[in-house]
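Asker: This is entry-v7.txt, which holds compact mmCIF, C-alpha atoms and all ligand atoms:
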```txt
# COMPACT_ATOMS: atom_id res chain seq x y z
CA MET R 9 213.16 183.50 14.98
CA ILE R 10 211.67 180.78 12.78
CA LEU R 11 212.67 181.46 9.18
CA ASP R 12 210.40 178.95 7.49
CA PRO R 13 208.58 176.46 9.68
CA THR R 14 207.57 174.29 6.71
CA VAL R 15 211.12 173.26 5.86
CA ALA R 16 212.45 170.08 7.51
CA PRO R 17 216.07 170.00 8.72
CA ARG R 18 218.27 169.67 5.66
CA VAL R 19 220.75 167.45 7.40
CA PRO R 20 219.05 164.44 8.99
CA ARG R 21 219.76 163.01 12.40
CA PRO R 22 223.20 161.44 12.69
CA THR R 23 221.65 158.26 14.11
CA TYR R 24 220.12 156.03 11.45
CA VAL R 25 219.44 152.53 10.30
CA GLU R 26 220.54 151.54 6.83
CA ILE R 27 218.88 148.66 4.99
CA ASP R 28 220.64 147.01 2.08
CA LEU R 29 217.93 145.99 -0.39
CA ASP R 30 220.40 143.94 -2.42
CA GLN R 31 221.18 141.86 0.68
CA LEU R 32 217.46 141.40 1.38
CA THR R 33 217.14 140.23 -2.21
CA ALA R 34 220.02 137.78 -1.82
CA ASN R 35 218.52 136.40 1.42
CA TYR R 36 215.11 135.97 -0.17
CA ARG R 37 216.58 134.17 -3.17
CA ALA R 38 218.67 131.90 -0.94
CA VAL R 39 215.63 130.84 1.10
CA GLU R 40 213.47 130.50 -2.00
CA ALA R 41 216.02 128.18 -3.63
CA ALA R 42 216.42 126.13 -0.45
CA VAL R 43 212.71 125.46 0.01
CA ALA R 44 211.67 124.94 -3.63
CA PRO R 45 209.27 123.65 -4.82
CA ALA R 46 207.54 125.10 -1.76
CA ARG R 47 206.62 128.74 -2.30
CA MET R 48 207.34 131.77 -0.17
CA LEU R 49 204.97 133.53 2.21
CA PRO R 50 207.45 136.05 3.66
CA VAL R 51 206.62 137.56 7.04
CA VAL R 52 206.82 141.37 7.17
CA LYS R 53 205.08 142.02 10.50
CA ALA R 54 206.35 144.60 12.99
CA GLY R 55 207.67 146.93 10.31
CA ALA R 56 209.41 144.03 8.55
CA TYR R 57 211.32 143.30 11.77
CA GLY R 58 212.42 146.91 11.94
CA HIS R 59 213.48 147.08 8.28
CA GLY R 60 210.46 149.11 7.07
CA LEU R 61 207.07 147.52 6.39
CA VAL R 62 206.19 149.14 3.07
CA GLU R 63 209.69 149.24 1.57
CA VAL R 64 210.38 145.58 2.30
CA ALA R 65 206.88 144.48 1.26
CA ARG R 66 207.30 146.21 -2.10
CA LEU R 67 210.63 144.48 -2.64
CA PHE R 68 209.35 141.03 -1.67
CA GLU R 69 206.15 141.46 -3.69
CA SER R 70 208.30 142.03 -6.76
CA PHE R 71 209.70 138.49 -6.36
CA GLY R 72 206.26 136.93 -6.88
CA PRO R 73 205.66 135.24 -3.52
CA ALA R 74 202.45 133.36 -2.72
CA GLY R 75 201.63 136.34 -0.52
CA LEU R 76 202.87 138.38 2.41
CA ALA R 77 202.15 137.70 6.08
CA VAL R 78 201.56 140.34 8.77
CA ALA R 79 200.37 140.23 12.37
CA PHE R 80 197.48 142.69 12.47
CA LEU R 81 194.79 144.18 10.28
CA GLU R 82 196.42 147.62 10.48
CA GLU R 83 199.66 146.34 8.97
CA GLY R 84 197.76 144.77 6.09
CA ALA R 85 195.69 147.92 5.53
CA LYS R 86 198.87 150.00 5.42
CA LEU R 87 200.24 147.70 2.71
CA ARG R 88 197.05 147.97 0.67
CA GLU R 89 197.15 151.77 0.98
CA ALA R 90 200.74 151.63 -0.30
CA GLY R 91 199.57 149.76 -3.38
CA ILE R 92 200.49 146.18 -2.49
CA VAL R 93 198.10 143.92 -4.40
CA CYS R 94 199.33 140.38 -3.66
CA PRO R 95 197.48 138.22 -1.07
CA ILE R 96 198.13 139.35 2.51
CA LEU R 97 197.62 136.91 5.36
CA VAL R 98 196.90 138.44 8.76
CA MET R 99 198.16 135.87 11.26
CA GLY R 100 196.88 137.45 14.46
CA GLY R 101 193.56 136.97 16.16
CA LEU R 102 190.29 138.26 14.76
CA ASP R 103 188.42 141.08 16.44
CA THR R 104 184.87 140.46 15.24
CA ALA R 105 184.26 144.20 14.87
CA GLN R 106 187.14 144.38 12.37
CA ILE R 107 185.80 141.72 10.00
CA PRO R 108 184.29 144.27 7.57
CA ASP R 109 187.71 145.99 7.43
CA PHE R 110 189.38 142.69 6.53
CA LEU R 111 186.95 142.35 3.65
CA HIS R 112 187.27 145.97 2.60
CA PHE R 113 191.07 145.68 2.36
CA SER R 114 190.89 142.18 0.88
CA LEU R 115 193.01 140.70 3.65
CA THR R 116 193.13 136.98 4.35
CA MET R 117 191.88 136.11 7.83
CA THR R 118 193.27 133.53 10.20
CA VAL R 119 190.40 131.63 11.79
CA SER R 120 191.05 129.70 14.98
CA SER R 121 187.56 129.17 16.28
CA GLY R 122 184.11 128.18 15.05
CA GLN R 123 182.71 131.24 16.80
CA ALA R 124 184.24 133.48 14.15
CA VAL R 125 182.65 131.69 11.21
CA GLY R 126 179.10 133.06 11.61
CA PRO R 127 180.16 136.72 11.79
CA ILE R 128 182.53 136.27 8.82
CA GLU R 129 179.81 134.64 6.72
CA GLU R 130 177.31 137.38 7.64
CA ALA R 131 179.69 140.25 6.90
CA ALA R 132 180.82 138.74 3.60
CA GLU R 133 177.25 138.12 2.49
CA ARG R 134 176.21 141.64 3.44
CA LEU R 135 179.12 143.13 1.51
CA GLY R 136 178.57 140.83 -1.45
CA THR R 137 182.03 139.32 -1.30
CA VAL R 138 183.86 136.14 -0.38
CA ALA R 139 186.11 136.07 2.69
CA ARG R 140 189.52 134.49 2.19
CA VAL R 141 190.38 132.35 5.16
CA HIS R 142 193.29 130.27 6.45
CA ALA R 143 192.29 127.94 9.28
CA LYS R 144 194.86 127.71 12.04
CA VAL R 145 195.42 124.62 14.14
CA ASP R 146 197.16 124.65 17.51
CA THR R 147 199.43 121.61 17.26
CA GLY R 148 201.49 122.52 20.33
CA MET R 149 202.23 126.25 20.38
CA GLY R 150 199.31 126.89 22.72
CA ARG R 151 198.60 130.26 21.14
CA MET R 152 196.33 130.94 18.14
CA GLY R 153 194.64 127.98 16.47
CA VAL R 154 191.87 125.52 17.11
CA ARG R 155 192.84 122.52 19.22
CA PRO R 156 193.21 119.36 17.08
CA GLU R 157 190.13 117.77 18.65
CA GLY R 158 188.01 120.72 17.53
CA ALA R 159 189.51 121.06 14.05
CA ALA R 160 186.96 118.93 12.19
CA GLU R 161 184.09 120.99 13.56
CA LEU R 162 185.79 124.25 12.51
CA LEU R 163 186.58 122.90 9.04
CA ASP R 164 182.96 121.67 8.68
CA ALA R 165 181.69 125.14 9.51
CA LEU R 166 184.10 126.88 7.12
CA LEU R 167 183.31 124.51 4.24
CA ARG R 168 179.57 124.98 4.81
CA SER R 169 179.84 128.75 4.50
CA ARG R 170 178.98 130.04 1.03
CA HIS R 171 180.79 133.35 1.44
CA VAL R 172 183.96 131.87 2.88
CA GLU R 173 186.76 130.41 0.84
CA LEU R 174 188.99 128.14 2.90
CA GLU R 175 192.30 128.58 1.07
CA ALA R 176 194.73 127.04 3.51
CA VAL R 177 195.30 125.28 6.80
CA TYR R 178 198.35 126.09 8.88
CA SER R 179 200.04 125.79 12.23
CA HIS R 180 203.04 127.29 14.04
CA PHE R 181 206.02 125.65 15.74
CA ALA R 182 207.10 126.44 19.29
CA THR R 183 210.61 124.93 19.27
CA ALA R 184 211.72 124.68 15.62
CA ASP R 185 214.89 126.72 16.32
CA GLU R 186 215.99 124.46 19.19
CA PRO R 187 218.38 121.50 18.91
CA ASP R 188 215.87 118.91 20.17
CA PRO R 189 213.51 118.07 17.28
CA ALA R 190 211.02 116.08 19.39
CA GLN R 191 208.26 118.66 19.78
CA THR R 192 208.52 119.86 16.19
CA LEU R 193 208.15 116.30 14.87
CA ASP R 194 205.26 115.78 17.21
CA GLN R 195 203.56 118.96 15.97
CA MET R 196 204.06 117.81 12.36
CA ALA R 197 202.46 114.45 13.16
CA THR R 198 199.50 116.19 14.80
CA PHE R 199 199.13 118.44 11.77
CA ARG R 200 199.10 115.43 9.42
CA ARG R 201 196.34 113.85 11.53
CA VAL R 202 194.27 117.02 11.35
CA ILE R 203 194.54 117.42 7.59
CA SER R 204 193.59 113.79 6.99
CA TYR R 205 190.12 115.36 7.36
CA PHE R 206 190.28 116.22 3.65
CA GLY R 207 191.44 112.84 2.33
CA ASP R 208 188.92 111.03 4.54
CA ARG R 209 186.10 113.01 2.89
CA ASP R 210 187.50 112.98 -0.66
CA LEU R 211 187.82 116.73 -0.52
CA PRO R 212 190.58 118.61 -2.34
CA MET R 213 193.52 119.40 -0.05
CA PRO R 214 193.84 123.13 0.68
CA THR R 215 197.22 124.85 0.71
CA LEU R 216 199.29 123.84 3.76
CA HIS R 217 201.99 125.78 5.60
CA LEU R 218 204.03 125.37 8.78
CA ALA R 219 207.65 126.46 8.56
CA ASN R 220 209.10 129.53 10.29
CA SER R 221 212.83 130.35 10.05
CA GLY R 222 213.86 127.67 12.55
CA ALA R 223 211.99 125.02 10.57
CA VAL R 224 213.36 126.25 7.23
CA LEU R 225 216.86 125.78 8.67
CA GLN R 226 216.32 122.47 10.47
CA HIS R 227 213.20 120.69 9.21
CA PRO R 228 212.90 120.29 5.42
CA GLY R 229 210.05 117.85 6.08
CA SER R 230 207.92 120.80 7.21
CA TYR R 231 208.05 122.82 3.98
CA LEU R 232 204.73 121.56 2.53
CA ASP R 233 203.19 124.08 0.05
CA LEU R 234 204.38 127.39 1.53
CA VAL R 235 206.98 128.48 4.07
CA ARG R 236 206.56 131.47 6.41
CA PRO R 237 210.06 132.70 7.27
CA GLY R 238 210.56 136.07 8.90
CA LEU R 239 213.81 136.65 10.73
CA MET R 240 216.08 134.76 8.34
CA LEU R 241 214.96 136.87 5.37
CA TYR R 242 216.55 139.79 7.20
CA GLY R 243 219.79 137.82 7.37
CA VAL R 244 219.66 136.90 11.03
CA TYR R 245 219.74 133.37 12.43
CA PRO R 246 217.25 132.79 15.27
CA THR R 247 220.04 131.54 17.54
CA ASP R 248 223.81 131.42 17.34
CA ASN R 249 224.02 127.63 17.46
CA ILE R 250 221.36 126.71 14.86
CA PRO R 251 222.81 124.92 11.79
CA ARG R 252 223.43 127.49 9.05
CA THR R 253 221.91 125.37 6.30
CA VAL R 254 220.94 128.44 4.27
CA GLY R 255 223.49 131.19 3.69
CA ILE R 256 222.15 134.60 4.69
CA GLU R 257 223.72 137.88 5.81
CA PRO R 258 222.34 140.78 7.85
CA ALA R 259 220.71 143.50 5.76
CA LEU R 260 220.49 146.09 8.54
CA THR R 261 223.18 148.25 10.08
CA TRP R 262 222.59 150.77 12.86
CA ARG R 263 224.95 153.70 13.07
CA SER R 264 225.41 156.96 14.87
CA THR R 265 228.02 159.67 15.17
CA VAL R 266 230.10 160.99 18.05
CA VAL R 267 228.67 164.39 19.06
CA LEU R 268 231.07 165.13 21.92
CA SER R 269 234.52 163.81 22.80
CA LYS R 270 236.24 164.93 25.97
CA PRO R 271 238.89 163.93 28.49
CA LEU R 272 237.48 162.72 31.79
CA PRO R 273 239.68 162.63 34.88
CA ALA R 274 239.90 159.55 37.10
CA GLY R 275 237.19 159.62 39.74
CA SER R 276 234.57 161.64 37.79
CA PRO R 277 231.34 159.63 37.48
CA VAL R 278 229.29 159.20 34.31
CA SER R 279 225.50 159.39 33.79
CA TYR R 280 222.41 158.97 36.00
CA GLY R 281 223.00 157.18 39.24
CA ALA R 282 226.75 157.68 38.89
CA THR R 283 227.13 153.92 38.32
CA TRP R 284 230.50 154.14 36.57
CA THR R 285 233.61 156.06 37.49
CA PRO R 286 236.94 155.75 35.66
CA ASP R 287 239.88 154.67 37.79
CA ARG R 288 242.28 156.33 35.36
CA ASP R 289 242.22 159.49 33.30
CA THR R 290 240.39 158.64 30.11
CA ARG R 291 238.38 160.00 27.18
CA ILE R 292 234.65 159.54 26.90
CA VAL R 293 232.38 160.28 23.97
CA VAL R 294 228.65 160.97 23.79
CA VAL R 295 226.56 159.02 21.29
CA PRO R 296 223.26 160.78 20.46
CA MET R 297 220.82 157.89 20.85
CA GLY R 298 219.33 156.02 23.79
CA TYR R 299 216.51 153.83 25.00
CA GLY R 300 214.02 156.20 23.35
CA ASP R 301 215.45 154.87 20.08
CA GLY R 302 215.25 151.25 21.19
CA TYR R 303 218.81 150.95 22.48
CA PRO R 304 218.08 148.87 25.56
CA ARG R 305 218.78 150.44 28.95
CA LEU R 306 220.04 147.01 30.01
CA LEU R 307 223.14 147.80 27.94
CA SER R 308 224.21 150.28 30.64
CA ASN R 309 227.76 149.29 31.64
CA ARG R 310 227.34 146.21 29.43
CA GLY R 311 227.05 147.00 25.74
CA GLU R 312 229.83 147.66 23.27
CA VAL R 313 230.08 149.76 20.12
CA LEU R 314 232.62 150.14 17.34
CA ILE R 315 234.44 153.44 16.96
CA GLY R 316 237.69 153.83 15.03
CA ASP R 317 237.55 150.14 14.04
CA ARG R 318 237.71 149.01 17.67
CA ARG R 319 235.28 147.82 20.32
CA HIS R 320 234.65 150.15 23.22
CA PRO R 321 232.40 149.73 26.27
CA VAL R 322 229.20 151.62 26.99
CA VAL R 323 229.78 153.22 30.39
CA GLY R 324 227.24 154.51 32.87
CA ARG R 325 223.50 154.26 32.38
CA VAL R 326 222.02 154.48 28.90
CA CYS R 327 219.78 157.59 28.89
CA MET R 328 216.67 158.21 26.80
CA ASP R 329 218.50 160.13 24.07
CA GLN R 330 222.21 159.54 24.63
CA PHE R 331 224.80 157.21 26.06
CA MET R 332 228.49 157.44 26.82
CA VAL R 333 231.42 155.30 25.67
CA ASP R 334 234.86 155.01 27.23
CA VAL R 335 237.25 155.16 24.28
CA GLY R 336 240.34 155.12 26.53
CA PRO R 337 243.07 157.69 27.12
CA ASP R 338 245.13 156.89 24.02
CA THR R 339 242.58 157.28 21.23
CA ASP R 340 241.93 160.44 19.29
CA VAL R 341 238.23 159.79 18.70
CA ARG R 342 236.65 163.01 17.48
CA VAL R 343 233.28 164.61 16.99
CA GLY R 344 231.88 163.32 13.71
CA ASP R 345 233.45 159.87 13.97
CA GLU R 346 231.13 157.02 13.05
CA VAL R 347 229.73 154.72 15.76
CA ALA R 348 228.55 151.23 14.72
CA ILE R 349 225.80 149.91 16.98
CA ILE R 350 224.87 146.90 14.82
CA GLY R 351 227.14 146.25 11.85
CA SER R 352 230.79 146.28 10.87
CA GLN R 353 233.63 148.72 11.11
CA GLY R 354 237.14 147.79 10.08
CA GLY R 355 237.40 144.06 10.71
CA GLU R 356 235.00 144.05 13.67
CA THR R 357 231.27 143.26 13.65
CA ILE R 358 228.51 143.58 16.21
CA THR R 359 225.52 141.43 15.31
CA ALA R 360 221.89 141.78 16.33
CA ASN R 361 222.32 138.46 18.14
CA GLU R 362 225.25 139.80 20.15
CA LEU R 363 223.45 143.01 21.10
CA ALA R 364 220.40 140.95 22.03
CA ALA R 365 222.45 138.67 24.28
CA TRP R 366 223.86 141.68 26.18
CA ALA R 367 220.28 142.86 26.65
CA GLU R 368 219.11 139.40 27.79
CA THR R 369 216.78 139.08 24.85
CA ILE R 370 216.54 137.66 21.32
CA PRO R 371 217.41 139.27 17.98
CA TYR R 372 213.68 139.52 17.18
CA GLU R 373 213.15 141.94 20.06
CA ALA R 374 216.36 143.86 19.44
CA LEU R 375 215.41 144.52 15.78
CA THR R 376 211.72 145.26 16.27
CA GLY R 377 212.64 147.49 19.21
CA ILE R 378 214.50 150.02 17.03
CA SER R 379 212.01 152.84 17.33
CA SER R 380 210.35 154.84 14.59
CA ARG R 381 212.38 157.84 15.79
CA VAL R 382 215.40 156.32 14.04
CA PRO R 383 215.34 157.23 10.33
CA ARG R 384 215.64 154.34 7.86
CA ARG R 385 217.84 154.72 4.80
CA TYR R 386 217.74 152.32 1.89
CA ARG R 387 220.46 151.41 -0.47
CA GLY R 388 220.71 148.93 -3.30
CA SER R 389 219.16 148.36 -6.69
CA ALA R 390 215.56 148.70 -5.59
CA GLY R 391 216.38 151.75 -3.49
CA GLY R 392 214.33 154.88 -3.32
CA PRO R 393 215.38 158.54 -3.11
CA ASN R 394 217.83 157.92 -0.24
CA GLN R 395 220.23 155.67 -2.03
C1 LIG J 401 206.39 135.64 13.32
C2 LIG J 401 205.79 134.42 12.74
C3 LIG J 401 206.48 133.70 11.75
C4 LIG J 401 207.90 134.01 11.34
O1 LIG J 401 208.78 133.51 12.32
P1 LIG J 401 210.38 133.64 12.17
O2 LIG J 401 210.91 132.91 13.34
O3 LIG J 401 210.68 135.10 12.19
O4 LIG J 401 210.75 133.03 10.88
C5 LIG J 401 205.82 132.65 11.14
N1 LIG J 401 204.57 132.30 11.53
C6 LIG J 401 203.90 132.95 12.51
C7 LIG J 401 202.53 132.50 12.90
C8 LIG J 401 204.49 134.02 13.16
O5 LIG J 401 203.84 134.65 14.15
```
Show the structure stored in the file as structure tokens.

Answerer:
Amino acid sequence: MILDPTVAPRVPRPTYVEIDLDQLTANYRAVEAAVAPARMLPVVKAGAYGHGLVEVARLFESFGPAGLAVAFLEEGAKLREAGIVCPILVMGGLDTAQIPDFLHFSLTMTVSSGQAVGPIEEAAERLGTVARVHAKVDTGMGRMGVRPEGAAELLDALLRSRHVELEAVYSHFATADEPDPAQTLDQMATFRRVISYFGDRDLPMPTLHLANSGAVLQHPGSYLDLVRPGLMLYGVYPTDNIPRTVGIEPALTWRSTVVLSKPLPAGSPVSYGATWTPDRDTRIVVVPMGYGDGYPRLLSNRGEVLIGDRRHPVVGRVCMDQFMVDVGPDTDVRVGDEVAIIGSQGGETITANELAAWAETIPYEALTGISSRVPRRYRGSAGGPNQ
């Protein structure tokens, strides 16, 4: 019998991500101070790296950045619908059919090719507006951006267009988080050559930006007018061995709760495929989350979690909605005990970088992979109703 189908469960899922808005604030301020007088263009794509697109954008907007950067039109539109009014740069490629939507939502376009200029000019003229544009140059990433040899032609076309305002020129680094600076320096030199276009013609220099998190940490010479950090604002270093020239701390913890704890005799296998069998009597617990929540299946027989202030191994295959942990014969882990997936418990910590390494990936993928099925809670001074 359904008593009242309109009422949501009163007690939410015991698996959740918690985001500390005060820590996000501290990270933002640390980066801002490190790069000054360059200004911030914080990157909030992919749901703010799993931290919540709208919540994080609102927080960062309150710090007065030069703007916010997202990957796709839809992310920008969602921010506008949520009441974000600051400039929003969409860094991804332009689908010509979406140009009117860019204008409607007052989103700044990234233009990488002269072919886009005609359709932008036409749409802006038709709608009686001016398109805000950042031109992107491919200085060595081999992804978005006009090749340096074609940059002058693209800039000519943009500057000729009456309904286009060329606000900025930018590029993106491929290896800024790596120890060898050679390619990054080379990309910076290429960028300088491209922007000499403006000086050579006595034109005012537009706004310039290059630096991602790796460059903020390792290449102060790349700061220019704006910096575009993403990952480090969330308190995560792109790699474990990058110099920690700016002090940041993770703002996200991922937790769950033991929903079953039981003795398991030696020789009884665990989970699909029966890939793990204890060779001694032990105790296993069930954690109610799995790869359907973004906990990688590669962590089968490989990952670790914190329960009772200690590390314990994930045993057997990670399932879609649950996985099992061997807590050993001598613990009294009980139903309701907290499980730390990413975060601290007692003196122990599991970082996003560590989890990513077990899963043969990078912290970017580990964080953005936490699925929308996992509720986000916010705490801290700017917190909403959940705090
Ligand atoms: C994602 C992205 C960034 C941010 O990179 P981080 O390594 O997270 O700092 C900056 N610029 C562009 C073009 C991006 O795609």

Asker: Mind checking which residues fall within 8 Å of segment 53-65 of chain R, counting only C-alpha atoms, ignoring those fewer than 3 positions away in the same chain, and posting them as a PyMOL selection string?

Answerer: chain R and resi 27+68-69+76-80+83+86-87+90+92+238-239+242+260+372+375-378+384

Asker: Produce the centre coordinates and the three edge lengths, each in Å to one decimal, of the box along x, y and z that contains all listed atoms of ligand LIG 401 (chain J) with 3 Å added on each side, as AutoDock Vina command-line options.

Answerer:
```
--center_x 206.7 --center_y 134.0 --center_z 12.5 --size_x 14.4 --size_y 9.3 --size_z 9.3
```

Asker: Quick one: of R:Thr265, R:Val43, R:Ala139, R:Ile96, who's nearest to Pro20 of chain R, counting all atoms listed in the file?

Answerer: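 Closest residue, counting all atoms listed in the file: R:Thr265.
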
Asker: Just checking: using only C-alpha atoms and all ligand atoms, which residue out of R:Gly388, R:Pro156, R:Pro237, R:Gly136 ends up closest to ligand LIG 401 (chain J)?

Answerer: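 Smallest distance to ligand LIG 401 (chain J) is found for R:Pro237.
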
Asker: With ligand LIG 401 (chain J) as the partner and 10 Å as the cut-off, tabulate the residues of chain R that qualify, each row holding the nearest pair of atoms and their distance in Å to one decimal, using only C-alpha atoms and all ligand atoms, sorted by chain and rising number, as a Markdown table.

Answerer:
```
| residue | atom | partner | partner_atom | distance |
| --- | --- | --- | --- | --- |
| R:Leu49 | CA | J:LIG401 | C5 | 9.0 |
| R:Pro50 | CA | J:LIG401 | C4 | 8.0 |
| R:Val51 | CA | J:LIG401 | C4 | 5.7 |
| R:Val52 | CA | J:LIG401 | C1 | 8.4 |
| R:Lys53 | CA | J:LIG401 | C1 | 7.1 |
| R:Ala54 | CA | J:LIG401 | C1 | 9.0 |
| R:Ala56 | CA | J:LIG401 | O3 | 9.7 |
| R:Tyr57 | CA | J:LIG401 | O3 | 8.2 |
| R:Ala77 | CA | J:LIG401 | C5 | 8.0 |
| R:Val78 | CA | J:LIG401 | C1 | 8.1 |
| R:Ala79 | CA | J:LIG401 | O5 | 6.8 |
| R:Val98 | CA | J:LIG401 | C7 | 9.2 |
| R:Met99 | CA | J:LIG401 | C7 | 5.8 |
| R:Gly100 | CA | J:LIG401 | O5 | 7.5 |
| R:Thr118 | CA | J:LIG401 | C7 | 9.7 |
| R:Lys144 | CA | J:LIG401 | C7 | 9.1 |
| R:Met149 | CA | J:LIG401 | C7 | 9.8 |
| R:Arg151 | CA | J:LIG401 | C7 | 9.4 |
| R:Met152 | CA | J:LIG401 | C7 | 8.3 |
| R:Gly153 | CA | J:LIG401 | C7 | 9.8 |
| R:Tyr178 | CA | J:LIG401 | C7 | 8.6 |
| R:Ser179 | CA | J:LIG401 | C7 | 7.2 |
| R:His180 | CA | J:LIG401 | C7 | 5.4 |
| R:Phe181 | CA | J:LIG401 | N1 | 8.0 |
| R:Ala182 | CA | J:LIG401 | O2 | 9.6 |
| R:Thr183 | CA | J:LIG401 | O2 | 9.9 |
| R:Ala184 | CA | J:LIG401 | O2 | 8.6 |
| R:Asp185 | CA | J:LIG401 | O2 | 7.9 |
| R:His217 | CA | J:LIG401 | N1 | 9.2 |
| R:Leu218 | CA | J:LIG401 | N1 | 7.5 |
| R:Ala219 | CA | J:LIG401 | C5 | 7.0 |
| R:Asn220 | CA | J:LIG401 | O4 | 3.9 |
| R:Ser221 | CA | J:LIG401 | O4 | 3.5 |
| R:Gly222 | CA | J:LIG401 | O2 | 6.1 |
| R:Ala223 | CA | J:LIG401 | O4 | 8.1 |
| R:Val224 | CA | J:LIG401 | O4 | 8.1 |
| R:Leu225 | CA | J:LIG401 | O4 | 9.7 |
| R:Val235 | CA | J:LIG401 | C5 | 8.3 |
| R:Arg236 | CA | J:LIG401 | C5 | 4.9 |
| R:Pro237 | CA | J:LIG401 | O4 | 3.7 |
| R:Gly238 | CA | J:LIG401 | O3 | 3.4 |
| R:Leu239 | CA | J:LIG401 | O3 | 3.8 |
| R:Met240 | CA | J:LIG401 | O4 | 6.2 |
| R:Leu241 | CA | J:LIG401 | O4 | 7.9 |
| R:Tyr242 | CA | J:LIG401 | O3 | 9.0 |
| R:Val244 | CA | J:LIG401 | O3 | 9.2 |
| R:Tyr245 | CA | J:LIG401 | O2 | 8.9 |
| R:Pro246 | CA | J:LIG401 | O2 | 6.6 |
| R:Pro371 | CA | J:LIG401 | O3 | 9.8 |
| R:Tyr372 | CA | J:LIG401 | O3 | 7.3 |
```

Asker: Would you mind telling me which residue in R:Asp301, R:Glu186, R:Asp194, R:Glu26 lies nearest to Tyr386 of chain R when using only C-alpha atoms?

Answerer: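 Using only C-alpha atoms, the shortest distance to Tyr386 of chain R belongs to R:Glu26.
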
Asker: Quick one: contact table of segment 305-390 of chain R to segment 277-290 of chain R, 7 Å max, nearest atom pair and distance in Å to one decimal per residue, counting all atoms listed in the file, chain and number order, as JSON lines?

Answerer:
```
{"residue": "R:Val323", "atom": "CA", "partner": "R:Trp284", "partner_atom": "CA", "distance": 6.3}
{"residue": "R:Gly324", "atom": "CA", "partner": "R:Trp284", "partner_atom": "CA", "distance": 4.9}
{"residue": "R:Arg325", "atom": "CA", "partner": "R:Ser279", "partner_atom": "CA", "distance": 5.7}
{"residue": "R:Gly336", "atom": "CA", "partner": "R:Thr290", "partner_atom": "CA", "distance": 5.0}
{"residue": "R:Pro337", "atom": "CA", "partner": "R:Thr290", "partner_atom": "CA", "distance": 4.1}
```

Asker: Which protein, DNA or RNA residues have an atom at most 10 Å from (213.4, 123.3, -0.9), counting only C-alpha atoms? List them as a PyMOL selection string.

Answerer: chain R and resi 39-47+224+228-229+231-232+235

Asker: Report as a list in words all protein, DNA and RNA residues lying within 8 Å of Val341 of chain R, evaluated on all atoms listed in the file, omitting residues in the same chain fewer than 3 positions from it.

Answerer: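 My list of contacting residues is Ser269, Val293, Ile315, Gly316, Val335 and Asp345 of chain R.
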
Asker: Hey, which of R:Ala364, R:Glu89, R:Glu346, R:Met328 ends up closest to Arg381 of chain R? Count all atoms listed in the file.

Answerer: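 So, comparing all the options, the nearest one is R:Met328.
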
Asker: For Thr137 of chain R, which residue out of R:Arg310, R:Arg385, R:Arg319, R:His112 is the nearest one, using all atoms listed in the file?

Answerer: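 Result for the nearest residue to Thr137 of chain R: R:His112.
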
Asker: Name all residues at most 6 Å from Pro321 of chain R (count only C-alpha atoms; drop same-chain ones fewer than 6 positions away) and give them as number ranges by chain.

Answerer: R: 312, 333-334

Asker: For atom CA of Ala38 of chain R and atom CA of Pro95 of chain R, quote the distance in Å rounded to one decimal.

Answerer: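 We find that atom CA of Ala38 of chain R and atom CA of Pro95 of chain R lie 22.1 Å from each other.
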
Asker: Separation of atom CA of Thr104 of chain R and atom CA of Pro212 of chain R, in Å?

Answerer: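 For atom CA of Thr104 of chain R relative to atom CA of Pro212 of chain R, the distance reads 28.6 Å.
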
Asker: Looking at R:Ala367, R:Val145, R:Ile256, R:Leu216, which one is nearest to Met48 of chain R, with distances taken over all atoms listed in the file?

Answerer: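 Counting all atoms listed in the file, the residue closest to Met48 of chain R is R:Leu216.
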
Asker: List every protein, DNA or RNA residue that has at least one atom no more than 10 Å from (221.2, 141.7, -1.7) in the file's coordinates, counting all atoms listed in the file, and write the result as a ChimeraX atom specification.

Answerer: /R:27-37,243,256-259,387-390

Asker: Could you please determine the separation between atom CA of Gly75 of chain R and atom CA of Ala160 of chain R in Å, to one decimal place?

Answerer: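 Result for atom CA of Gly75 of chain R versus atom CA of Ala160 of chain R: 26.1 Å, one decimal.
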
Asker: Can you take the partial segment 258-262 of chain R, add N, CA, C and O atoms, and return it as an mmCIF file, keeping the file's coordinate frame?

Answerer:
```cif
data_model
loop_
_atom_site.group_PDB
_atom_site.id
_atom_site.type_symbol
_atom_site.label_atom_id
_atom_site.label_comp_id
_atom_site.auth_asym_id
_atom_site.auth_seq_id
_atom_site.Cartn_x
_atom_site.Cartn_y
_atom_site.Cartn_z
ATOM 1 N N PRO R 258 223.170 139.668 7.375
ATOM 2 C CA PRO R 258 222.340 140.780 7.850
ATOM 3 C C PRO R 258 222.193 141.881 6.796
ATOM 4 O O PRO R 258 223.151 142.212 6.091
ATOM 5 N N ALA R 259 220.976 142.417 6.715
ATOM 6 C CA ALA R 259 220.710 143.500 5.760
ATOM 7 C C ALA R 259 220.648 144.853 6.446
ATOM 8 O O ALA R 259 220.584 145.882 5.783
ATOM 9 N N LEU R 260 220.675 144.845 7.783
ATOM 10 C CA LEU R 260 220.490 146.090 8.540
ATOM 11 C C LEU R 260 221.765 146.461 9.295
ATOM 12 O O LEU R 260 222.385 145.594 9.929
ATOM 13 N N THR R 261 222.140 147.722 9.205
ATOM 14 C CA THR R 261 223.180 148.250 10.080
ATOM 15 C C THR R 261 222.602 149.467 10.811
ATOM 16 O O THR R 261 221.719 150.153 10.297
ATOM 17 N N TRP R 262 223.091 149.664 12.020
ATOM 18 C CA TRP R 262 222.590 150.770 12.860
ATOM 19 C C TRP R 262 223.806 151.591 13.241
ATOM 20 O O TRP R 262 224.764 151.052 13.818
#
```
